[in-house]
$ cat coords_28.cif   # mmCIF, C-alpha atoms
data_model
#
loop_
_atom_site.group_PDB
_atom_site.id
_atom_site.type_symbol
_atom_site.label_atom_id
_atom_site.label_comp_id
_atom_site.auth_asym_id
_atom_site.auth_seq_id
_atom_site.Cartn_x
_atom_site.Cartn_y
_atom_site.Cartn_z
ATOM 1 C CA MET A 1 43.690 5.306 -38.858
ATOM 2 C CA LEU A 2 41.142 7.861 -40.020
ATOM 3 C CA LYS A 3 38.566 5.111 -40.547
ATOM 4 C CA GLN A 4 39.190 3.765 -37.009
ATOM 5 C CA THR A 5 38.831 7.276 -35.550
ATOM 6 C CA ARG A 6 35.528 7.796 -37.344
ATOM 7 C CA PHE A 7 34.286 4.409 -36.107
ATOM 8 C CA THR A 8 35.219 5.266 -32.518
ATOM 9 C CA VAL A 9 33.504 8.660 -32.703
ATOM 10 C CA ALA A 10 30.398 7.007 -34.143
ATOM 11 C CA LEU A 11 30.270 4.526 -31.258
ATOM 12 C CA VAL A 12 30.665 7.289 -28.686
ATOM 13 C CA LEU A 13 27.870 9.297 -30.300
ATOM 14 C CA ALA A 14 25.624 6.233 -30.448
ATOM 15 C CA PHE A 15 26.095 5.450 -26.750
ATOM 16 C CA THR A 16 25.674 9.104 -25.822
ATOM 17 C CA MET A 17 22.408 9.364 -27.706
ATOM 18 C CA ALA A 18 21.172 6.093 -26.219
ATOM 19 C CA GLY A 19 22.022 7.324 -22.751
ATOM 20 C CA ALA A 20 20.296 10.628 -23.372
ATOM 21 C CA GLY A 21 17.201 8.789 -24.575
ATOM 22 C CA ALA A 22 17.185 6.646 -21.427
ATOM 23 C CA ALA A 23 17.530 9.738 -19.270
ATOM 24 C CA VAL A 24 14.486 11.457 -20.753
ATOM 25 C CA ALA A 25 12.334 8.300 -20.886
ATOM 26 C CA GLN A 26 9.373 8.568 -18.542
ATOM 27 C CA VAL A 27 6.934 6.058 -17.141
ATOM 28 C CA THR A 28 3.209 6.421 -17.706
ATOM 29 C CA CYS A 29 1.376 7.333 -14.516
ATOM 30 C CA PRO A 30 -0.545 5.743 -13.079
ATOM 31 C CA PRO A 31 0.912 2.484 -14.372
ATOM 32 C CA THR A 32 -1.407 -0.346 -15.308
ATOM 33 C CA ARG A 33 -1.442 -3.473 -13.209
ATOM 34 C CA THR A 34 -0.188 -5.410 -16.230
ATOM 35 C CA GLN A 35 2.821 -3.100 -16.581
ATOM 36 C CA VAL A 36 3.855 -3.659 -12.980
ATOM 37 C CA THR A 37 3.321 -7.430 -12.962
ATOM 38 C CA ASN A 38 5.164 -7.786 -16.284
ATOM 39 C CA ASP A 39 8.099 -5.820 -14.876
ATOM 40 C CA LEU A 40 8.141 -8.074 -11.819
ATOM 41 C CA ALA A 41 8.862 -11.010 -14.118
ATOM 42 C CA THR A 42 12.267 -9.550 -15.035
ATOM 43 C CA MET A 43 13.032 -6.961 -12.335
ATOM 44 C CA SER A 44 13.426 -7.062 -8.580
ATOM 45 C CA PRO A 45 10.590 -5.582 -6.485
ATOM 46 C CA GLN A 46 12.943 -2.798 -5.385
ATOM 47 C CA ALA A 47 13.741 -1.914 -9.008
ATOM 48 C CA VAL A 48 10.053 -1.849 -9.908
ATOM 49 C CA MET A 49 9.303 0.412 -6.934
ATOM 50 C CA SER A 50 12.088 2.773 -8.020
ATOM 51 C CA LYS A 51 10.861 2.808 -11.624
ATOM 52 C CA TYR A 52 7.348 3.874 -10.672
ATOM 53 C CA ALA A 53 8.277 6.069 -7.707
ATOM 54 C CA PRO A 54 7.251 9.214 -9.669
ATOM 55 C CA CYS A 55 3.715 7.804 -9.854
ATOM 56 C CA ILE A 56 3.189 7.893 -6.077
ATOM 57 C CA PRO A 57 1.325 11.111 -5.192
ATOM 58 C CA PRO A 58 2.994 13.342 -2.600
ATOM 59 C CA SER A 59 1.563 12.976 0.882
ATOM 60 C CA SER A 60 -0.885 15.632 1.974
ATOM 61 C CA SER A 61 0.228 17.509 5.062
ATOM 62 C CA LEU A 62 -2.742 16.573 7.215
ATOM 63 C CA VAL A 63 -5.912 14.655 6.425
ATOM 64 C CA PRO A 64 -7.904 14.339 9.652
ATOM 65 C CA PRO A 65 -10.501 11.605 10.083
ATOM 66 C CA LYS A 66 -14.173 12.193 9.539
ATOM 67 C CA MET A 67 -15.666 12.107 13.009
ATOM 68 C CA GLY A 68 -18.662 9.974 13.762
ATOM 69 C CA PRO A 69 -19.617 6.315 13.996
ATOM 70 C CA ALA A 70 -19.838 5.609 10.268
ATOM 71 C CA LYS A 71 -16.787 4.197 8.566
ATOM 72 C CA VAL A 72 -15.542 6.325 5.705
ATOM 73 C CA VAL A 73 -13.746 4.818 2.726
ATOM 74 C CA THR A 74 -11.481 7.051 0.653
ATOM 75 C CA PRO A 75 -11.146 5.138 -2.611
ATOM 76 C CA PHE A 76 -8.283 5.166 -5.069
ATOM 77 C CA ASP A 77 -8.192 2.181 -7.493
ATOM 78 C CA ASN A 78 -10.172 -0.696 -6.005
ATOM 79 C CA THR A 79 -10.399 -2.848 -9.132
ATOM 80 C CA PHE A 80 -8.297 -5.658 -7.680
ATOM 81 C CA GLU A 81 -8.625 -5.367 -3.898
ATOM 82 C CA PHE A 82 -10.629 -3.481 -1.315
ATOM 83 C CA LEU A 83 -10.143 -2.944 2.421
ATOM 84 C CA ASP A 84 -13.731 -3.494 3.500
ATOM 85 C CA SER A 85 -13.638 -3.639 7.307
ATOM 86 C CA CYS A 86 -11.376 -3.383 10.349
ATOM 87 C CA GLY A 87 -11.855 -4.049 14.032
ATOM 88 C CA TYR A 88 -9.902 -3.407 17.221
ATOM 89 C CA HIS A 89 -9.332 -5.971 19.988
ATOM 90 C CA PRO A 90 -8.532 -3.979 23.152
ATOM 91 C CA GLN A 91 -7.871 -7.028 25.376
ATOM 92 C CA PHE A 92 -5.493 -8.849 23.031
ATOM 93 C CA VAL A 93 -1.939 -8.284 21.832
ATOM 94 C CA GLU A 94 -3.133 -8.387 18.205
ATOM 95 C CA ALA A 95 -4.633 -4.924 18.222
ATOM 96 C CA LEU A 96 -6.292 -4.699 14.839
ATOM 97 C CA GLN A 97 -7.805 -7.132 12.378
ATOM 98 C CA CYS A 98 -8.644 -6.005 8.841
ATOM 99 C CA SER A 99 -10.439 -7.839 6.047
ATOM 100 C CA ILE A 100 -9.239 -7.443 2.445
ATOM 101 C CA GLU A 101 -11.580 -8.345 -0.394
ATOM 102 C CA VAL A 102 -9.687 -9.689 -3.436
ATOM 103 C CA ARG A 103 -11.788 -8.985 -6.509
ATOM 104 C CA GLN A 104 -9.788 -10.361 -9.449
ATOM 105 C CA PRO A 105 -8.331 -13.832 -10.163
ATOM 106 C CA VAL A 106 -5.059 -12.410 -11.551
ATOM 107 C CA GLY A 107 -2.945 -9.310 -11.138
ATOM 108 C CA PHE A 108 -0.949 -10.500 -8.136
ATOM 109 C CA PHE A 109 1.991 -12.071 -9.997
ATOM 110 C CA ASN A 110 3.847 -14.821 -8.075
ATOM 111 C CA GLY A 111 2.657 -13.642 -4.687
ATOM 112 C CA THR A 112 2.545 -9.901 -4.016
ATOM 113 C CA MET A 113 1.837 -8.022 -0.814
ATOM 114 C CA GLU A 114 -1.319 -6.321 0.373
ATOM 115 C CA ASN A 115 0.165 -3.884 2.901
ATOM 116 C CA VAL A 116 -1.955 -2.352 5.664
ATOM 117 C CA LEU A 117 -0.910 0.493 7.972
ATOM 118 C CA PHE A 118 -2.926 1.168 11.138
ATOM 119 C CA CYS A 119 -2.933 4.729 12.544
ATOM 120 C CA LEU A 120 -4.538 6.410 15.556
ATOM 121 C CA TRP A 121 -5.645 10.052 15.823
ATOM 122 C CA LEU A 122 -3.999 11.473 18.973
ATOM 123 C CA ASN A 123 -3.489 15.107 19.993
ATOM 124 C CA ASN A 124 -4.718 16.411 16.629
ATOM 125 C CA ALA A 125 -2.252 14.330 14.628
ATOM 126 C CA TRP A 126 -2.012 10.844 13.181
ATOM 127 C CA HIS A 127 0.112 8.353 15.081
ATOM 128 C CA PRO A 128 1.286 5.311 13.076
ATOM 129 C CA VAL A 129 0.761 2.157 15.133
ATOM 130 C CA ASN A 130 1.998 -0.698 12.958
ATOM 131 C CA GLU A 131 2.137 -2.078 9.436
ATOM 132 C CA ARG A 132 1.670 -5.671 8.288
ATOM 133 C CA PHE A 133 0.879 -7.478 5.051
ATOM 134 C CA VAL A 134 -0.712 -10.584 3.604
ATOM 135 C CA ARG A 135 0.694 -12.278 0.486
ATOM 136 C CA VAL A 136 -1.832 -12.873 -2.316
ATOM 137 C CA TRP A 137 -1.252 -15.033 -5.400
ATOM 138 C CA ASN A 138 -2.970 -15.389 -8.767
ATOM 139 C CA GLU A 139 -5.809 -17.929 -8.807
ATOM 140 C CA VAL A 140 -4.699 -21.211 -10.451
ATOM 141 C CA ASN A 141 -7.606 -23.577 -9.700
ATOM 142 C CA GLY A 142 -10.379 -21.934 -11.704
ATOM 143 C CA ALA A 143 -12.282 -20.510 -8.735
ATOM 144 C CA ASN A 144 -14.086 -17.193 -9.113
ATOM 145 C CA PRO A 145 -13.709 -14.081 -6.917
ATOM 146 C CA ASN A 146 -14.299 -12.649 -4.416
ATOM 147 C CA TRP A 147 -11.897 -13.942 -1.732
ATOM 148 C CA TYR A 148 -11.310 -12.519 1.750
ATOM 149 C CA PHE A 149 -7.916 -12.281 3.447
ATOM 150 C CA GLY A 150 -7.117 -11.086 6.962
ATOM 151 C CA VAL A 151 -4.298 -8.930 8.312
ATOM 152 C CA ASN A 152 -3.471 -8.761 12.050
ATOM 153 C CA LEU A 153 -1.508 -5.774 13.336
ATOM 154 C CA PRO A 154 -0.070 -5.769 16.885
ATOM 155 C CA ALA A 155 -0.453 -2.624 18.954
ATOM 156 C CA ASP A 156 2.500 -0.424 19.853
ATOM 157 C CA LEU A 157 3.335 0.899 23.325
ATOM 158 C CA THR A 158 1.552 4.197 22.719
ATOM 159 C CA LEU A 159 -1.738 2.397 22.286
ATOM 160 C CA HIS A 160 -1.101 0.200 25.332
ATOM 161 C CA PHE A 161 -0.271 3.218 27.499
ATOM 162 C CA LEU A 162 -3.646 4.793 26.757
ATOM 163 C CA GLY A 163 -5.217 2.182 29.027
ATOM 164 C CA ASN A 164 -8.550 0.454 28.549
ATOM 165 C CA ASN A 165 -10.729 3.275 29.836
ATOM 166 C CA GLN A 166 -13.620 2.868 27.378
ATOM 167 C CA LYS A 167 -12.724 6.087 25.541
ATOM 168 C CA THR A 168 -13.454 6.359 21.822
ATOM 169 C CA TYR A 169 -10.672 7.119 19.342
ATOM 170 C CA GLN A 170 -10.576 7.711 15.608
ATOM 171 C CA ALA A 171 -8.516 5.189 13.668
ATOM 172 C CA ARG A 172 -7.376 4.788 10.085
ATOM 173 C CA ALA A 173 -6.217 1.789 8.086
ATOM 174 C CA ILE A 174 -4.473 2.258 4.727
ATOM 175 C CA MET A 175 -4.161 -0.646 2.314
ATOM 176 C CA SER A 176 -1.623 -0.477 -0.512
ATOM 177 C CA TRP A 177 -0.916 -3.230 -3.037
ATOM 178 C CA PHE A 178 2.790 -3.937 -3.626
ATOM 179 C CA TRP A 179 4.027 -0.559 -2.333
ATOM 180 C CA PRO A 180 4.470 -0.496 1.450
ATOM 181 C CA VAL A 181 3.187 2.673 3.068
ATOM 182 C CA PRO A 182 6.397 4.748 3.184
ATOM 183 C CA ALA A 183 7.813 5.892 6.498
ATOM 184 C CA ASN A 184 4.545 5.089 8.278
ATOM 185 C CA ASP A 185 2.772 7.858 6.363
ATOM 186 C CA CYS A 186 -0.815 8.039 7.641
ATOM 187 C CA ASN A 187 -1.768 10.221 4.659
ATOM 188 C CA PHE A 188 -0.258 7.959 1.992
ATOM 189 C CA GLN A 189 -2.278 7.731 -1.234
ATOM 190 C CA PRO A 190 -1.860 4.278 -2.795
ATOM 191 C CA ILE A 191 -2.194 3.616 -6.499
ATOM 192 C CA TRP A 192 -4.154 0.433 -5.718
ATOM 193 C CA GLY A 193 -5.920 0.317 -2.350
ATOM 194 C CA ASN A 194 -7.975 2.548 -0.077
ATOM 195 C CA TRP A 195 -8.281 4.216 3.303
ATOM 196 C CA LEU A 196 -10.738 3.179 5.983
ATOM 197 C CA ASP A 197 -11.527 5.672 8.768
ATOM 198 C CA PHE A 198 -13.428 4.237 11.742
ATOM 199 C CA GLN A 199 -13.901 4.485 15.488
ATOM 200 C CA ILE A 200 -12.445 2.198 18.141
ATOM 201 C CA ARG A 201 -13.164 2.014 21.894
ATOM 202 C CA LEU A 202 -10.709 0.904 24.571
ATOM 203 C CA ASP A 203 -12.941 -1.394 26.571
ATOM 204 C CA PRO A 204 -11.346 -3.092 29.618
#
$ encode --input "coords_28.cif" --output "structure tokens"
Amino acid sequence: MLKQTRFTVALVLAFTMAGAGAAVAQVTCPPTRTQVTNDLATMSPQAVMSKYAPCIPPSSSLVPPKMGPAKVVTPFDNTFEFLDSCGYHPQFVEALQCSIEVRQPVGFFNGTMENVLFCLWLNNAWHPVNERFVRVWNEVNGANPNWYFGVNLPADLTLHFLGNNQKTYQARAIMSWFWPVPANDCNFQPIWGNWLDFQIRLDP
């Protein structure tokens, strides 16, 4: 009986210590692309997002656009992809078209998302318009980068209600690999991706 009691106590201690070790284990931030794609082989996308959630920087309270005609890119890690240009179509239901430059043949697992959020600067604040994605896969045919993918984002009612009066507005597009831009956050800082600030005009 004493031997059984000792065995039981030993098991409890072993599980307790294992649990404590799991609780204090931390991920390395920022994670490498290999870490994330390897995890995707055995974990759901939601589980991977939860695992690396501490690596996402907190959103800044307000990052206004840089005024002027020149587009401004705020880079983060652009090793694998780069949001290189965006344009607005004021007479068409597809409001915004963005071009994504894919720079590496691998690092996209079995089809991962390049998410793009489009925002408009209105009344001294960012207004999220819409978010869409394009799915990108690893290259399997031996072709070399770069490749160019497009994302179309429909306008929302706020943009339609502005009317096509030829006024100029500041816009922002945020591209984020794998992680969607949370809660339409126009100041989101992706681990992989970039911002693009630019001007649009509402021509009739």
$ resolve_selection --input "coords_28.cif" --expression "the PyMOL selection byres ((chain A and resi 128-131) around 7)" --output "ChimeraX atom specification"
/A:116-120,126-127,132,153-156,184,186
$ residues_around --input "coords_28.cif" --residues "range 43-52 of chain A" --least-positions-apart "2" --cutoff "9 Å" --atoms "only C-alpha atoms" --output "ChimeraX atom specification"
/A:27-31,36,38-41,54-56,178-179
$ resolve_selection --input "coords_28.cif" --expression "the PyMOL selection byres ((chain A and resi 88) around 12)" --output "PDB file with C-alpha atoms, keeping the file's coordinate frame"
ATOM      1  CA  SER A  85     -13.638  -3.639   7.307  1.00  0.00           C
ATOM      2  CA  CYS A  86     -11.376  -3.383  10.349  1.00  0.00           C
ATOM      3  CA  GLY A  87     -11.855  -4.049  14.032  1.00  0.00           C
ATOM      4  CA  HIS A  89      -9.332  -5.971  19.988  1.00  0.00           C
ATOM      5  CA  PRO A  90      -8.532  -3.979  23.152  1.00  0.00           C
ATOM      6  CA  GLN A  91      -7.871  -7.028  25.376  1.00  0.00           C
ATOM      7  CA  PHE A  92      -5.493  -8.849  23.031  1.00  0.00           C
ATOM      8  CA  VAL A  93      -1.939  -8.284  21.832  1.00  0.00           C
ATOM      9  CA  GLU A  94      -3.133  -8.387  18.205  1.00  0.00           C
ATOM     10  CA  ALA A  95      -4.633  -4.924  18.222  1.00  0.00           C
ATOM     11  CA  LEU A  96      -6.292  -4.699  14.839  1.00  0.00           C
ATOM     12  CA  GLN A  97      -7.805  -7.132  12.378  1.00  0.00           C
ATOM     13  CA  CYS A  98      -8.644  -6.005   8.841  1.00  0.00           C
ATOM     14  CA  PHE A 118      -2.926   1.168  11.138  1.00  0.00           C
ATOM     15  CA  CYS A 119      -2.933   4.729  12.544  1.00  0.00           C
ATOM     16  CA  LEU A 120      -4.538   6.410  15.556  1.00  0.00           C
ATOM     17  CA  VAL A 151      -4.298  -8.930   8.312  1.00  0.00           C
ATOM     18  CA  ASN A 152      -3.471  -8.761  12.050  1.00  0.00           C
ATOM     19  CA  LEU A 153      -1.508  -5.774  13.336  1.00  0.00           C
ATOM     20  CA  PRO A 154      -0.070  -5.769  16.885  1.00  0.00           C
ATOM     21  CA  ALA A 155      -0.453  -2.624  18.954  1.00  0.00           C
ATOM     22  CA  LEU A 159      -1.738   2.397  22.286  1.00  0.00           C
ATOM     23  CA  THR A 168     -13.454   6.359  21.822  1.00  0.00           C
ATOM     24  CA  TYR A 169     -10.672   7.119  19.342  1.00  0.00           C
ATOM     25  CA  GLN A 170     -10.576   7.711  15.608  1.00  0.00           C
ATOM     26  CA  ALA A 171      -8.516   5.189  13.668  1.00  0.00           C
ATOM     27  CA  ARG A 172      -7.376   4.788  10.085  1.00  0.00           C
ATOM     28  CA  ALA A 173      -6.217   1.789   8.086  1.00  0.00           C
ATOM     29  CA  PHE A 198     -13.428   4.237  11.742  1.00  0.00           C
ATOM     30  CA  GLN A 199     -13.901   4.485  15.488  1.00  0.00           C
ATOM     31  CA  ILE A 200     -12.445   2.198  18.141  1.00  0.00           C
ATOM     32  CA  ARG A 201     -13.164   2.014  21.894  1.00  0.00           C
ATOM     33  CA  LEU A 202     -10.709   0.904  24.571  1.00  0.00           C
ATOM     34  CA  ASP A 203     -12.941  -1.394  26.571  1.00  0.00           C
TER      35      ASP A 203
END
$ closest_residue --input "coords_28.cif" --among "A:Met175, A:His160, A:Asn165, A:Pro204" --to "Val134 in chain A" --atoms "only C-alpha atoms"
A:Met175
$ residues_around --input "coords_28.cif" --residues "range 139-145 of chain A" --least-positions-apart "5" --cutoff "12 Å" --atoms "all atoms listed in the file" --output "number ranges by chain"
A: 79-81, 101-111
$ closest_residue --input "coords_28.cif" --among "A:Ser176, A:Asn187, A:Asn194, A:Thr37" --to "Val63 in chain A" --atoms "all atoms listed in the file"
A:Asn187
$ resolve_selection --input "coords_28.cif" --expression "the PyMOL selection byres ((chain A and resi 75) around 10)" --output "short mmCIF file (atom, residue, chain, number, x, y, z; two decimals) with C-alpha atoms, keeping the file's coordinate frame"
data_model
loop_
_atom_site.label_atom_id
_atom_site.label_comp_id
_atom_site.auth_asym_id
_atom_site.auth_seq_id
_atom_site.Cartn_x
_atom_site.Cartn_y
_atom_site.Cartn_z
CA VAL A 72 -15.54 6.32 5.70
CA VAL A 73 -13.75 4.82 2.73
CA THR A 74 -11.48 7.05 0.65
CA PHE A 76 -8.28 5.17 -5.07
CA ASP A 77 -8.19 2.18 -7.49
CA ASN A 78 -10.17 -0.70 -6.00
CA PHE A 82 -10.63 -3.48 -1.32
CA LEU A 83 -10.14 -2.94 2.42
CA GLN A 189 -2.28 7.73 -1.23
CA PRO A 190 -1.86 4.28 -2.80
CA ILE A 191 -2.19 3.62 -6.50
CA TRP A 192 -4.15 0.43 -5.72
CA GLY A 193 -5.92 0.32 -2.35
CA ASN A 194 -7.98 2.55 -0.08
CA TRP A 195 -8.28 4.22 3.30
CA LEU A 196 -10.74 3.18 5.98
#
$ atom_distance --input "coords_28.cif" --atom1 "CA of Pro64 in chain A" --atom2 "CA of Asn124 in chain A"
7.9 Å
$ atom_distance --input "coords_28.cif" --atom1 "CA of Pro180 in chain A" --atom2 "CA of Gly68 in chain A"
28.2 Å
$ atom_distance --input "coords_28.cif" --atom1 "CA of Leu62 in chain A" --atom2 "CA of Gln166 in chain A"
26.7 Å
$ closest_residue --input "coords_28.cif" --among "A:Leu122, A:Ile174, A:Val136, A:Val181" --to "Thr158 in chain A" --atoms "all atoms listed in the file"
A:Leu122
$ closest_residue --input "coords_28.cif" --among "A:Glu114, A:Phe188, A:Ser99, A:Asn164" --to "Phe149 in chain A" --atoms "only C-alpha atoms"
A:Ser99
